[in-house]
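Asks: Next up, final-v3.txt (compact mmCIF, C-alpha atoms).
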```txt
# COMPACT_ATOMS: atom_id res chain seq x y z
CA MET M 1445 -28.00 -46.90 -12.20
CA ILE M 1446 -25.43 -44.50 -10.72
CA SER M 1447 -26.11 -43.46 -7.15
CA MET M 1448 -25.73 -39.75 -6.24
CA ASN M 1449 -23.27 -40.56 -3.46
CA GLN M 1450 -20.78 -42.12 -5.80
CA LYS M 1451 -17.57 -40.14 -5.90
CA LEU M 1452 -15.24 -39.66 -8.81
CA LYS M 1453 -11.87 -41.24 -8.56
CA ILE M 1454 -9.19 -38.71 -7.56
CA LEU M 1455 -7.02 -37.56 -10.44
CA PRO M 1456 -3.41 -38.71 -10.49
CA PRO M 1457 -1.02 -36.05 -9.12
CA THR M 1458 0.48 -35.27 -12.54
CA ILE M 1459 -2.91 -34.23 -13.94
CA ARG M 1460 -4.16 -32.39 -10.86
CA ASP M 1461 -4.00 -28.59 -10.74
CA LYS M 1462 -1.10 -27.35 -8.66
CA LYS M 1463 -2.32 -25.35 -5.66
CA ARG M 1464 -0.96 -22.59 -3.51
CA TYR M 1465 -2.18 -21.70 -0.01
CA ILE M 1466 -2.29 -18.04 1.01
CA ALA M 1467 -2.41 -17.40 4.76
CA PHE M 1468 -4.27 -14.23 5.69
CA GLU M 1469 -5.70 -12.36 8.67
CA VAL M 1470 -8.92 -10.35 8.95
CA ILE M 1471 -9.56 -7.57 11.46
CA PHE M 1472 -13.19 -6.54 11.95
CA GLN M 1473 -15.34 -4.84 14.59
CA GLY M 1474 -17.95 -7.50 15.18
CA ASN M 1475 -18.60 -11.12 14.42
CA LEU M 1476 -17.70 -12.85 11.21
CA VAL M 1477 -18.59 -16.35 10.13
CA ARG M 1478 -17.01 -18.46 7.42
CA GLU M 1479 -19.72 -17.59 4.85
CA ASP M 1480 -19.10 -13.86 5.38
CA ILE M 1481 -15.40 -14.23 4.63
CA ILE M 1482 -16.02 -16.40 1.55
CA GLY M 1483 -18.59 -13.84 0.34
CA MET M 1484 -16.24 -10.90 0.85
CA ILE M 1485 -13.38 -12.55 -1.04
CA LEU M 1486 -15.59 -13.68 -3.92
CA ASP M 1487 -17.29 -10.27 -4.25
CA ALA M 1488 -13.93 -8.50 -4.26
CA SER M 1489 -12.62 -10.90 -6.88
CA LEU M 1490 -15.70 -10.42 -9.05
CA TYR M 1491 -15.35 -6.63 -8.87
CA LEU M 1492 -11.64 -6.72 -9.65
CA TYR M 1493 -11.47 -9.42 -12.34
CA GLY M 1494 -15.09 -10.24 -13.24
CA ALA M 1495 -16.61 -13.70 -13.64
CA CYS M 1496 -14.18 -14.64 -16.40
CA GLY M 1497 -11.09 -13.94 -14.28
CA THR M 1498 -12.51 -15.37 -11.03
CA GLY M 1499 -13.39 -18.63 -12.81
CA LYS M 1500 -9.71 -19.26 -13.52
CA PHE M 1501 -8.55 -18.89 -9.93
CA ASP M 1502 -10.21 -21.96 -8.31
CA ILE M 1503 -10.44 -19.85 -5.19
CA TRP M 1504 -11.61 -21.33 -1.86
CA VAL M 1505 -11.34 -20.63 1.85
CA VAL M 1506 -9.89 -23.80 3.34
CA LYS M 1507 -9.77 -23.13 7.05
CA LEU M 1508 -10.32 -20.35 9.59
CA TRP M 1509 -9.10 -19.73 13.14
CA ASN M 1510 -10.46 -17.26 15.68
CA CYS M 1511 -7.61 -15.53 17.48
CA SER M 1512 -7.77 -15.02 21.21
CA LYS M 1513 -7.17 -11.61 22.76
CA ALA M 1514 -3.74 -12.65 24.05
CA GLU M 1515 -2.48 -13.15 20.51
CA TYR M 1516 -3.70 -9.74 19.47
CA PRO M 1517 -2.58 -7.23 22.12
CA ASN M 1518 -3.39 -4.05 20.10
CA ASN M 1519 -7.04 -5.02 20.24
CA SER M 1520 -9.48 -2.19 20.84
CA ASN M 1521 -13.15 -1.35 20.23
CA ASN M 1522 -14.36 -4.93 20.40
CA GLU M 1523 -12.28 -5.96 17.39
CA LYS M 1524 -11.89 -9.56 16.37
CA LYS M 1525 -9.04 -11.08 14.47
CA ILE M 1526 -9.45 -14.19 12.36
CA LYS M 1527 -6.68 -16.01 10.56
CA GLY M 1528 -7.32 -18.23 7.60
CA ILE M 1529 -6.01 -20.07 4.58
CA LEU M 1530 -7.12 -19.36 1.04
CA ARG M 1531 -6.54 -21.88 -1.74
CA CYS M 1532 -5.96 -20.99 -5.39
CA ARG M 1533 -4.25 -22.27 -8.53
CA ARG M 1534 -0.48 -21.93 -8.54
CA GLU M 1535 -0.42 -20.01 -11.85
CA GLU M 1536 -2.87 -17.38 -10.55
CA VAL M 1537 -1.38 -16.71 -7.13
CA ASP M 1538 -0.21 -13.17 -8.01
CA SER M 1539 -3.67 -12.18 -9.19
CA VAL M 1540 -5.36 -13.73 -6.15
CA MET M 1541 -3.02 -11.88 -3.79
CA ALA M 1542 -4.18 -8.59 -5.30
CA ILE M 1543 -7.78 -9.33 -4.26
CA ILE M 1544 -6.98 -9.43 -0.55
CA PRO M 1545 -6.02 -5.76 0.02
CA THR M 1546 -8.99 -4.43 -1.98
CA ILE M 1547 -11.54 -5.47 0.66
CA THR M 1548 -12.40 -2.41 2.74
CA LYS M 1549 -16.00 -2.58 3.96
CA PHE M 1550 -18.44 -5.18 5.24
CA ARG M 1551 -21.97 -4.37 6.39
CA GLY M 1552 -21.06 -0.69 6.55
CA LYS M 1553 -18.11 -1.27 8.88
CA ASN M 1554 -14.39 -1.15 8.20
CA VAL M 1555 -12.62 -4.43 7.59
CA VAL M 1556 -9.01 -5.12 6.70
CA PHE M 1557 -7.32 -8.19 5.23
CA HIS M 1558 -3.54 -8.70 5.43
CA THR M 1559 -1.56 -11.39 3.64
CA LEU M 1560 0.64 -13.38 6.02
CA GLY M 1561 2.40 -15.58 3.48
CA ILE M 1562 2.18 -18.18 0.74
CA SER M 1563 2.85 -21.85 0.99
CA GLY M 1564 2.62 -25.05 -1.05
CA THR M 1565 0.84 -27.08 1.63
CA ILE M 1566 -1.79 -26.41 4.28
CA LYS M 1567 0.50 -27.90 6.89
CA SER M 1568 3.40 -25.55 6.24
CA ALA M 1569 1.09 -22.53 5.86
CA THR M 1570 -0.36 -23.30 9.30
CA LYS M 1571 3.04 -23.87 10.84
CA ASN M 1572 4.82 -20.84 9.36
CA PHE M 1573 2.14 -18.17 9.16
CA ILE M 1574 -0.88 -19.03 11.29
CA LYS M 1575 1.31 -20.00 14.29
CA LEU M 1576 -1.46 -20.79 16.76
CA MET I 229 14.47 -8.76 -8.75
CA GLU I 230 12.64 -10.22 -11.71
CA GLY I 231 10.05 -12.94 -11.28
CA LYS I 232 6.94 -13.53 -9.27
CA TYR I 233 5.59 -11.16 -6.64
CA SER I 234 4.74 -14.01 -4.40
CA SER I 235 8.33 -15.15 -3.92
CA ARG I 236 9.19 -14.47 -0.29
CA THR I 237 12.94 -14.16 -0.88
CA GLN I 238 12.43 -10.92 -2.80
CA LEU I 239 10.64 -9.19 0.03
CA LYS I 240 13.67 -8.37 2.11
CA GLY I 241 14.20 -4.67 2.42
CA ASN I 242 13.33 -1.59 4.39
CA PHE I 243 9.82 -0.50 3.54
CA PHE I 244 8.52 3.01 4.15
CA ASP I 245 5.15 4.68 4.09
CA LEU I 246 5.60 8.42 3.68
CA HIS I 247 1.96 9.45 4.11
CA VAL I 248 0.43 8.31 7.40
CA HIS I 249 -1.69 10.45 9.70
CA ALA I 250 -0.25 11.21 13.14
CA ASN I 251 -1.76 8.53 15.35
CA PRO I 252 0.23 6.41 17.81
CA GLU I 253 -1.93 3.36 17.11
CA LEU I 254 -1.11 3.60 13.40
CA VAL I 255 2.62 3.72 14.07
CA LYS I 256 2.43 0.53 16.14
CA GLU I 257 0.33 -1.18 13.47
CA ALA I 258 2.78 -0.12 10.73
CA GLU I 259 5.63 -1.64 12.69
CA ARG I 260 3.65 -4.88 13.13
CA LEU I 261 3.00 -5.01 9.38
CA GLY I 262 6.71 -4.80 8.60
CA PHE I 263 7.43 -1.16 7.81
CA ALA I 264 10.88 0.13 8.72
CA GLY I 265 9.73 3.73 8.76
CA VAL I 266 6.74 6.02 8.46
CA SER I 267 6.38 9.70 7.86
CA LEU I 268 3.62 11.33 9.87
CA THR I 269 1.76 13.85 7.77
CA TYR I 270 0.41 17.08 9.24
CA ASP I 271 -1.73 19.55 7.36
CA PHE I 272 0.17 22.85 6.90
CA ASP I 273 -2.86 25.05 7.63
CA ASN I 274 -3.89 23.23 10.82
CA TYR I 275 -0.42 22.42 12.07
CA LYS I 276 -0.18 21.55 15.74
CA SER I 277 2.85 19.52 16.58
CA ASN I 278 2.48 16.59 18.94
CA PHE I 279 5.64 15.09 17.56
CA GLU I 280 7.35 14.72 20.97
CA GLU I 281 4.91 11.92 21.78
CA PHE I 282 6.08 10.04 18.68
CA LYS I 283 9.75 10.56 19.54
CA GLU I 284 9.05 8.55 22.70
CA ILE I 285 7.45 5.78 20.62
CA GLU I 286 10.44 5.80 18.26
CA LYS I 287 12.82 5.30 21.20
CA ASN I 288 10.89 2.27 22.43
CA SER I 289 10.50 0.59 19.04
CA ASN I 290 12.42 -0.22 15.86
CA ILE I 291 10.51 2.06 13.56
CA LEU I 292 11.87 5.28 12.05
CA ILE I 293 9.47 8.22 12.36
CA LYS I 294 9.74 11.36 10.24
CA LYS I 295 7.62 14.47 10.13
CA CYS I 296 5.98 15.56 6.88
CA LEU I 297 3.97 18.69 6.12
CA GLU I 298 1.28 18.48 3.49
CA ILE I 299 0.66 21.77 1.74
CA SER I 300 -2.44 22.67 -0.19
CA CYS I 301 -2.35 25.92 -2.12
CA LYS I 302 -4.18 27.86 -4.79
CA ASN I 303 -1.37 29.35 -6.83
CA PRO I 304 2.39 28.87 -7.40
CA GLU I 305 3.38 32.00 -5.41
CA GLU I 306 1.57 30.74 -2.33
CA LEU I 307 3.26 27.38 -2.86
CA LYS I 308 6.78 28.82 -2.66
CA LYS I 309 6.01 30.79 0.50
CA LYS I 310 4.49 27.80 2.22
CA VAL I 311 7.31 25.47 1.19
CA GLN I 312 9.96 27.85 2.57
CA LYS I 313 8.08 28.10 5.88
CA SER I 314 7.51 24.38 6.20
CA ARG I 315 11.13 23.43 5.43
CA LYS I 316 12.12 24.64 8.91
CA LYS I 317 9.34 22.72 10.63
CA SER I 318 9.46 19.33 8.94
CA ASP I 319 11.68 16.64 7.45
CA ILE I 320 9.64 16.07 4.29
CA VAL I 321 7.52 18.50 2.29
CA MET I 322 4.57 17.22 0.31
CA VAL I 323 2.20 19.21 -1.87
CA ARG I 324 -1.36 18.16 -2.62
CA GLY I 325 -1.83 18.16 -6.38
CA GLY I 326 -4.85 18.12 -8.64
CA ASP I 327 -4.71 21.62 -10.10
CA LEU I 328 -2.61 21.73 -13.30
CA LYS I 329 -0.83 24.97 -12.36
CA ILE I 330 0.09 23.58 -8.97
CA ASN I 331 1.22 20.26 -10.49
CA ARG I 332 3.49 22.12 -12.88
CA ALA I 333 4.87 24.49 -10.23
CA VAL I 334 5.68 21.53 -7.96
CA CYS I 335 7.40 19.55 -10.70
CA GLU I 336 9.59 22.59 -11.47
CA TYR I 337 10.46 23.32 -7.84
CA ARG I 338 13.35 21.46 -6.26
CA GLY I 339 12.29 22.42 -2.73
CA VAL I 340 9.36 20.01 -2.78
CA ASP I 341 9.93 16.32 -2.14
CA ILE I 342 6.60 14.79 -3.10
CA LEU I 343 3.70 15.74 -5.33
CA SER I 344 0.74 13.96 -3.78
CA GLN I 345 -2.11 12.75 -5.99
CA PRO I 346 -1.62 14.81 -9.17
CA TYR I 347 -4.79 13.14 -10.49
CA ARG I 348 -6.98 14.30 -7.57
CA GLY I 349 -10.45 15.35 -8.75
CA ARG I 350 -9.49 14.93 -12.40
CA LYS I 351 -10.40 12.58 -15.19
CA ASP I 352 -6.87 12.60 -16.62
CA THR I 353 -3.65 11.79 -14.77
CA GLY I 354 -2.73 15.39 -13.98
CA ILE I 355 0.78 14.96 -15.38
CA ASN I 356 1.95 14.77 -18.96
CA HIS I 357 5.30 14.26 -20.68
CA VAL I 358 6.39 17.86 -19.90
CA LEU I 359 5.68 17.61 -16.18
CA ALA I 360 7.14 14.10 -16.07
CA ARG I 361 10.42 15.36 -17.51
CA LYS I 362 10.50 18.29 -15.08
CA ALA I 363 9.78 16.01 -12.12
CA ALA I 364 12.66 13.75 -13.15
CA GLU I 365 15.05 16.72 -13.55
CA ASN I 366 14.13 18.19 -10.16
CA ASP I 367 13.92 14.91 -8.26
CA VAL I 368 10.30 15.47 -7.25
CA ALA I 369 8.57 12.20 -6.41
CA ILE I 370 5.02 11.55 -7.60
CA GLU I 371 2.83 9.81 -5.04
CA ILE I 372 0.33 7.13 -5.92
CA ASN I 373 -2.14 7.14 -3.09
CA LEU I 374 -3.59 3.71 -2.35
CA ASN I 375 -6.37 5.21 -0.27
CA THR I 376 -7.82 6.84 -3.39
CA PHE I 377 -8.09 3.42 -4.97
CA LEU I 378 -9.46 1.68 -1.89
CA LYS I 379 -12.00 4.39 -1.02
CA THR I 380 -13.37 4.81 -4.52
CA ASN I 381 -16.72 3.18 -5.22
CA LEU I 382 -16.23 -0.29 -6.69
CA ARG I 383 -17.95 0.76 -9.92
CA TYR I 384 -15.42 3.53 -10.57
CA ARG I 385 -12.22 1.81 -9.50
CA TYR I 386 -11.38 1.03 -13.12
CA ARG I 387 -10.87 4.77 -13.70
CA ILE I 388 -8.30 5.00 -10.91
CA ILE I 389 -6.47 1.92 -12.22
CA SER I 390 -6.39 3.55 -15.65
CA GLN I 391 -4.95 6.78 -14.20
CA TYR I 392 -2.29 4.82 -12.31
CA ARG I 393 -1.37 2.90 -15.45
CA HIS I 394 -0.80 6.12 -17.37
CA ILE I 395 1.40 7.53 -14.59
CA ILE I 396 3.41 4.31 -14.56
CA GLU I 397 3.90 4.46 -18.34
CA LEU I 398 5.22 8.03 -18.01
CA LYS I 399 7.49 6.91 -15.17
CA ARG I 400 9.00 4.20 -17.38
CA LYS I 401 9.79 6.69 -20.10
CA TYR I 402 10.95 9.71 -18.09
CA LYS I 403 12.20 7.94 -14.96
CA PHE I 404 10.84 10.32 -12.34
CA PRO I 405 10.69 8.94 -8.79
CA LEU I 406 7.38 7.27 -7.95
CA ILE I 407 6.22 6.24 -4.50
CA PHE I 408 3.29 4.36 -3.02
CA ALA I 409 1.72 5.77 0.12
CA SER I 410 -1.32 4.75 2.11
CA ASN I 411 -2.65 8.10 3.44
CA ALA I 412 -3.99 6.00 6.31
CA SER I 413 -5.90 7.66 9.12
CA THR I 414 -7.09 4.40 10.70
CA LYS I 415 -5.45 1.02 10.85
CA TYR I 416 -8.07 -0.34 8.46
CA GLU I 417 -6.44 1.71 5.72
CA LEU I 418 -2.92 0.37 6.21
CA ARG I 419 -1.74 -2.46 3.96
CA ASN I 420 1.41 -4.51 4.45
CA PRO I 421 4.23 -4.28 1.85
CA GLN I 422 3.40 -7.69 0.40
CA ASP I 423 -0.18 -6.57 -0.29
CA ILE I 424 1.06 -3.32 -1.84
CA PHE I 425 3.22 -5.36 -4.25
CA ALA I 426 0.22 -7.50 -5.14
CA LEU I 427 -1.90 -4.40 -5.79
CA SER I 428 0.82 -2.82 -7.92
CA HIS I 429 0.68 -5.95 -10.09
CA CYS I 430 -2.91 -4.88 -10.93
CA PHE I 431 -1.62 -1.49 -12.06
CA GLY I 432 0.87 -3.16 -14.40
CA MET I 433 4.03 -2.64 -12.38
CA THR I 434 6.90 -5.08 -12.29
CA MET I 435 8.34 -6.41 -9.05
CA GLU I 436 11.40 -4.19 -9.35
CA GLU I 437 9.33 -1.05 -9.91
CA SER I 438 7.02 -1.70 -6.98
CA PHE I 439 9.96 -2.53 -4.72
CA ASP I 440 11.55 0.82 -5.65
CA ALA I 441 8.27 2.62 -4.98
CA VAL I 442 7.93 1.23 -1.46
CA SER I 443 11.56 0.90 -0.41
CA THR I 444 14.38 2.47 -2.44
CA ILE I 445 12.82 5.81 -3.40
CA PRO I 446 11.27 6.64 0.02
CA GLU I 447 14.62 5.78 1.60
CA HIS I 448 16.37 8.10 -0.87
CA ILE I 449 13.91 10.92 -0.01
CA ILE I 450 14.59 10.49 3.72
CA GLU I 451 18.38 10.41 3.19
CA LYS I 452 18.28 13.44 0.90
CA ASN I 453 16.38 15.45 3.48
CA ASP I 454 18.71 14.42 6.29
CA LYS I 455 21.58 15.95 4.30
CA ARG I 456 19.62 18.88 2.91
CA ASP I 457 21.07 21.45 5.34
CA SER I 458 24.61 20.71 4.21
CA PHE I 459 23.87 21.23 0.48
CA ILE I 460 25.28 24.46 -0.95
CA MET I 461 24.27 23.89 -4.57
CA ASP I 462 23.70 20.98 -6.95
CA GLY I 463 26.46 18.44 -6.40
CA VAL I 464 28.21 20.42 -3.64
CA ARG I 465 27.81 19.97 0.09
CA THR I 466 29.79 20.79 3.22
CA ILE I 467 31.27 17.85 5.09
```
Show how you would write the structure in this file as structure tokens.

Replies:
Amino acid sequence: MISMNQKLKILPPTIRDKKRYIAFEVIFQGNLVREDIIGMILDASLYLYGACGTGKFDIWVVKLWNCSKAEYPNNSNNEKKIKGILRCRREEVDSVMAIIPTITKFRGKNVVFHTLGISGTIKSATKNFIKL
Amino acid sequence: MEGKYSSRTQLKGNFFDLHVHANPELVKEAERLGFAGVSLTYDFDNYKSNFEEFKEIEKNSNILIKKCLEISCKNPEELKKKVQKSRKKSDIVMVRGGDLKINRAVCEYRGVDILSQPYRGRKDTGINHVLARKAAENDVAIEINLNTFLKTNLRYRYRIISQYRHIIELKRKYKFPLIFASNASTKYELRNPQDIFALSHCFGMTMEESFDAVSTIPEHIIEKNDKRDSFIMDGVRTI
């Protein structure tokens, strides 16, 4: 009998999907948690490309960082800035990048996403674009 | 310039946003996002200049700030009067489109730099092959306003994308200048150049076309207006 905890063996690198990591920042008046950001990106993707398109992207939010006030001097009106890394398939990176600027509202308040850059690894995305 | 949008090497250039509301916070945010210049848009009918304040900001930063007057009018005669008045007050003259008569008058009038949102309040694009040819002859830029797309209800965004696609098809055939502008009044409406390129991919634009729309053509409009006073007639200017 196969136990539920048993994991599949990782695919060899040649068969694995090639990934790209998009570093982004979010500015919002209020608190955001990881689930909110994942929800916003997925909803925007579904509205822009539909289920069929979104299914091809393999989209996922890998990591998020809360920025302190010192790193964001233009801060006003209790705004919070969060930086994060979004993972997607290499072939679909152009389409995924178009999702990010289409997000405008969350819970009736303004929100803005900006792309910081694209990288092939999480490490270099963190080093070059997140810069914390 | 061919290839993927996501390639960072292709994103070197001076980027301009020629339709930003006059707000010091917006200018600082635009500079942070990587714009080399912005044009602050004032409404012609409610024009009160606070431009001196922005001159101070320009001195203390690396961003180029220009003044733009946005005209809204009901008929072509009113348009010409308002354009002549606003030429003395501003660097760039923009006319709000939407009405077919106004769209046509603007495309035929060399004195205007930008026709803003020819599709405003319409189901079609607001320009056809005739207007496209006139706009190309008279060097009138057509503005694609990203705020229209971003503020439209999610259910109806497909219509805006369709309108943009038709404008872009006309641009390819008749080669009139096309620009992207944000029409931002808060910093939540500003997008960085990289995001604008990604969005333009949705509208079916190539990398070269979107680069021209954010960098080359706005730069050409600014340069043209800097030299406008020295022009005597087409092709002749005093040195």

Asks: Return the neighbours of chain I among the residues of chain M, cut-off 8 Å, counting all atoms listed in the file, as an mmCIF file with C-alpha atoms, keeping the file's coordinate frame.

Replies:
```cif
data_model
loop_
_atom_site.group_PDB
_atom_site.id
_atom_site.type_symbol
_atom_site.label_atom_id
_atom_site.label_comp_id
_atom_site.auth_asym_id
_atom_site.auth_seq_id
_atom_site.Cartn_x
_atom_site.Cartn_y
_atom_site.Cartn_z
ATOM 1 C CA ILE M 1471 -9.560 -7.570 11.460
ATOM 2 C CA TYR M 1491 -15.350 -6.630 -8.870
ATOM 3 C CA VAL M 1537 -1.380 -16.710 -7.130
ATOM 4 C CA ASP M 1538 -0.210 -13.170 -8.010
ATOM 5 C CA SER M 1539 -3.670 -12.180 -9.190
ATOM 6 C CA MET M 1541 -3.020 -11.880 -3.790
ATOM 7 C CA ALA M 1542 -4.180 -8.590 -5.300
ATOM 8 C CA ILE M 1543 -7.780 -9.330 -4.260
ATOM 9 C CA ILE M 1544 -6.980 -9.430 -0.550
ATOM 10 C CA PRO M 1545 -6.020 -5.760 0.020
ATOM 11 C CA THR M 1546 -8.990 -4.430 -1.980
ATOM 12 C CA ILE M 1547 -11.540 -5.470 0.660
ATOM 13 C CA THR M 1548 -12.400 -2.410 2.740
ATOM 14 C CA ASN M 1554 -14.390 -1.150 8.200
ATOM 15 C CA VAL M 1555 -12.620 -4.430 7.590
ATOM 16 C CA VAL M 1556 -9.010 -5.120 6.700
ATOM 17 C CA HIS M 1558 -3.540 -8.700 5.430
ATOM 18 C CA THR M 1559 -1.560 -11.390 3.640
ATOM 19 C CA GLY M 1561 2.400 -15.580 3.480
ATOM 20 C CA ILE M 1562 2.180 -18.180 0.740
#
```

Asks: Counting only C-alpha atoms, figure out which residue out of I:Leu268, I:Leu406, I:Cys296, I:Leu343 gets nearest to Val255 of chain I.

Replies: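 Checking each candidate against Val255 of chain I, we get I:Leu268 as the closest.
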
Asks: Grab the atom CA of Ile299 of chain I to atom CA of Thr269 of chain I distance for me, in Å with one decimal place.

Replies: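 It comes out at 10.0 Å.
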
Asks: May I ask for the distance between atom CA of Glu306 of chain I and atom CA of Pro346 of chain I, given in Å to one decimal place?

Replies: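 Atom CA of Glu306 of chain I sits 17.6 Å away from atom CA of Pro346 of chain I.
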
Asks: Hey, what's within 8 Å of segment 1452-1466 of chain M if we count all atoms listed in the file and toss same-chain stuff fewer than 4 positions away? As a list in words, please?

Replies: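 The residues satisfying every condition are Ile1529, Leu1530, Arg1531, Cys1532, Arg1533, Arg1534, Val1537, Met1541, Thr1559, Leu1560, Gly1561, Ile1562, Ser1563, Gly1564, Thr1565, Ile1566 and Ala1569 of chain M.
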
Asks: Complete segment 1540-1557 of chain M at the level of N, CA and C atoms, written as a PDB file, in the frame of the given file.

Replies:
```pdb
ATOM      1  N   VAL M1540      -4.529 -13.499  -7.338  1.00  0.00           N
ATOM      2  CA  VAL M1540      -5.360 -13.730  -6.150  1.00  0.00           C
ATOM      3  C   VAL M1540      -4.874 -12.878  -4.978  1.00  0.00           C
ATOM      4  N   MET M1541      -3.557 -12.715  -4.883  1.00  0.00           N
ATOM      5  CA  MET M1541      -3.020 -11.880  -3.790  1.00  0.00           C
ATOM      6  C   MET M1541      -3.473 -10.431  -3.895  1.00  0.00           C
ATOM      7  N   ALA M1542      -3.728  -9.979  -5.127  1.00  0.00           N
ATOM      8  CA  ALA M1542      -4.180  -8.590  -5.300  1.00  0.00           C
ATOM      9  C   ALA M1542      -5.614  -8.389  -4.841  1.00  0.00           C
ATOM     10  N   ILE M1543      -6.385  -9.467  -4.717  1.00  0.00           N
ATOM     11  CA  ILE M1543      -7.780  -9.330  -4.260  1.00  0.00           C
ATOM     12  C   ILE M1543      -7.808  -8.938  -2.789  1.00  0.00           C
ATOM     13  N   ILE M1544      -6.922  -9.545  -2.020  1.00  0.00           N
ATOM     14  CA  ILE M1544      -6.980  -9.430  -0.550  1.00  0.00           C
ATOM     15  C   ILE M1544      -6.942  -7.982  -0.052  1.00  0.00           C
ATOM     16  N   PRO M1545      -6.005  -7.127  -0.518  1.00  0.00           N
ATOM     17  CA  PRO M1545      -6.020  -5.760   0.020  1.00  0.00           C
ATOM     18  C   PRO M1545      -7.157  -4.870  -0.473  1.00  0.00           C
ATOM     19  N   THR M1546      -7.929  -5.325  -1.454  1.00  0.00           N
ATOM     20  CA  THR M1546      -8.990  -4.430  -1.980  1.00  0.00           C
ATOM     21  C   THR M1546     -10.262  -4.470  -1.133  1.00  0.00           C
ATOM     22  N   ILE M1547     -10.327  -5.376  -0.161  1.00  0.00           N
ATOM     23  CA  ILE M1547     -11.540  -5.470   0.660  1.00  0.00           C
ATOM     24  C   ILE M1547     -11.482  -4.410   1.758  1.00  0.00           C
ATOM     25  N   THR M1548     -12.462  -3.518   1.779  1.00  0.00           N
ATOM     26  CA  THR M1548     -12.400  -2.410   2.740  1.00  0.00           C
ATOM     27  C   THR M1548     -13.628  -2.320   3.656  1.00  0.00           C
ATOM     28  N   LYS M1549     -14.767  -2.750   3.172  1.00  0.00           N
ATOM     29  CA  LYS M1549     -16.000  -2.580   3.960  1.00  0.00           C
ATOM     30  C   LYS M1549     -16.805  -3.870   4.002  1.00  0.00           C
ATOM     31  N   PHE M1550     -17.493  -4.075   5.139  1.00  0.00           N
ATOM     32  CA  PHE M1550     -18.440  -5.180   5.240  1.00  0.00           C
ATOM     33  C   PHE M1550     -19.573  -4.756   6.147  1.00  0.00           C
ATOM     34  N   ARG M1551     -20.774  -4.817   5.672  1.00  0.00           N
ATOM     35  CA  ARG M1551     -21.970  -4.370   6.390  1.00  0.00           C
ATOM     36  C   ARG M1551     -21.801  -2.957   6.945  1.00  0.00           C
ATOM     37  N   GLY M1552     -21.228  -2.088   6.162  1.00  0.00           N
ATOM     38  CA  GLY M1552     -21.060  -0.690   6.550  1.00  0.00           C
ATOM     39  C   GLY M1552     -19.951  -0.421   7.538  1.00  0.00           C
ATOM     40  N   LYS M1553     -19.211  -1.467   7.932  1.00  0.00           N
ATOM     41  CA  LYS M1553     -18.110  -1.270   8.880  1.00  0.00           C
ATOM     42  C   LYS M1553     -16.780  -1.531   8.181  1.00  0.00           C
ATOM     43  N   ASN M1554     -15.726  -0.944   8.772  1.00  0.00           N
ATOM     44  CA  ASN M1554     -14.390  -1.150   8.200  1.00  0.00           C
ATOM     45  C   ASN M1554     -13.912  -2.566   8.433  1.00  0.00           C
ATOM     46  N   VAL M1555     -13.248  -3.110   7.445  1.00  0.00           N
ATOM     47  CA  VAL M1555     -12.620  -4.430   7.590  1.00  0.00           C
ATOM     48  C   VAL M1555     -11.289  -4.376   6.863  1.00  0.00           C
ATOM     49  N   VAL M1556     -10.312  -5.092   7.387  1.00  0.00           N
ATOM     50  CA  VAL M1556      -9.010  -5.120   6.700  1.00  0.00           C
ATOM     51  C   VAL M1556      -8.479  -6.552   6.623  1.00  0.00           C
ATOM     52  N   PHE M1557      -7.956  -6.884   5.455  1.00  0.00           N
ATOM     53  CA  PHE M1557      -7.320  -8.190   5.230  1.00  0.00           C
ATOM     54  C   PHE M1557      -5.827  -7.951   5.025  1.00  0.00           C
TER      55      PHE M1557
END
```
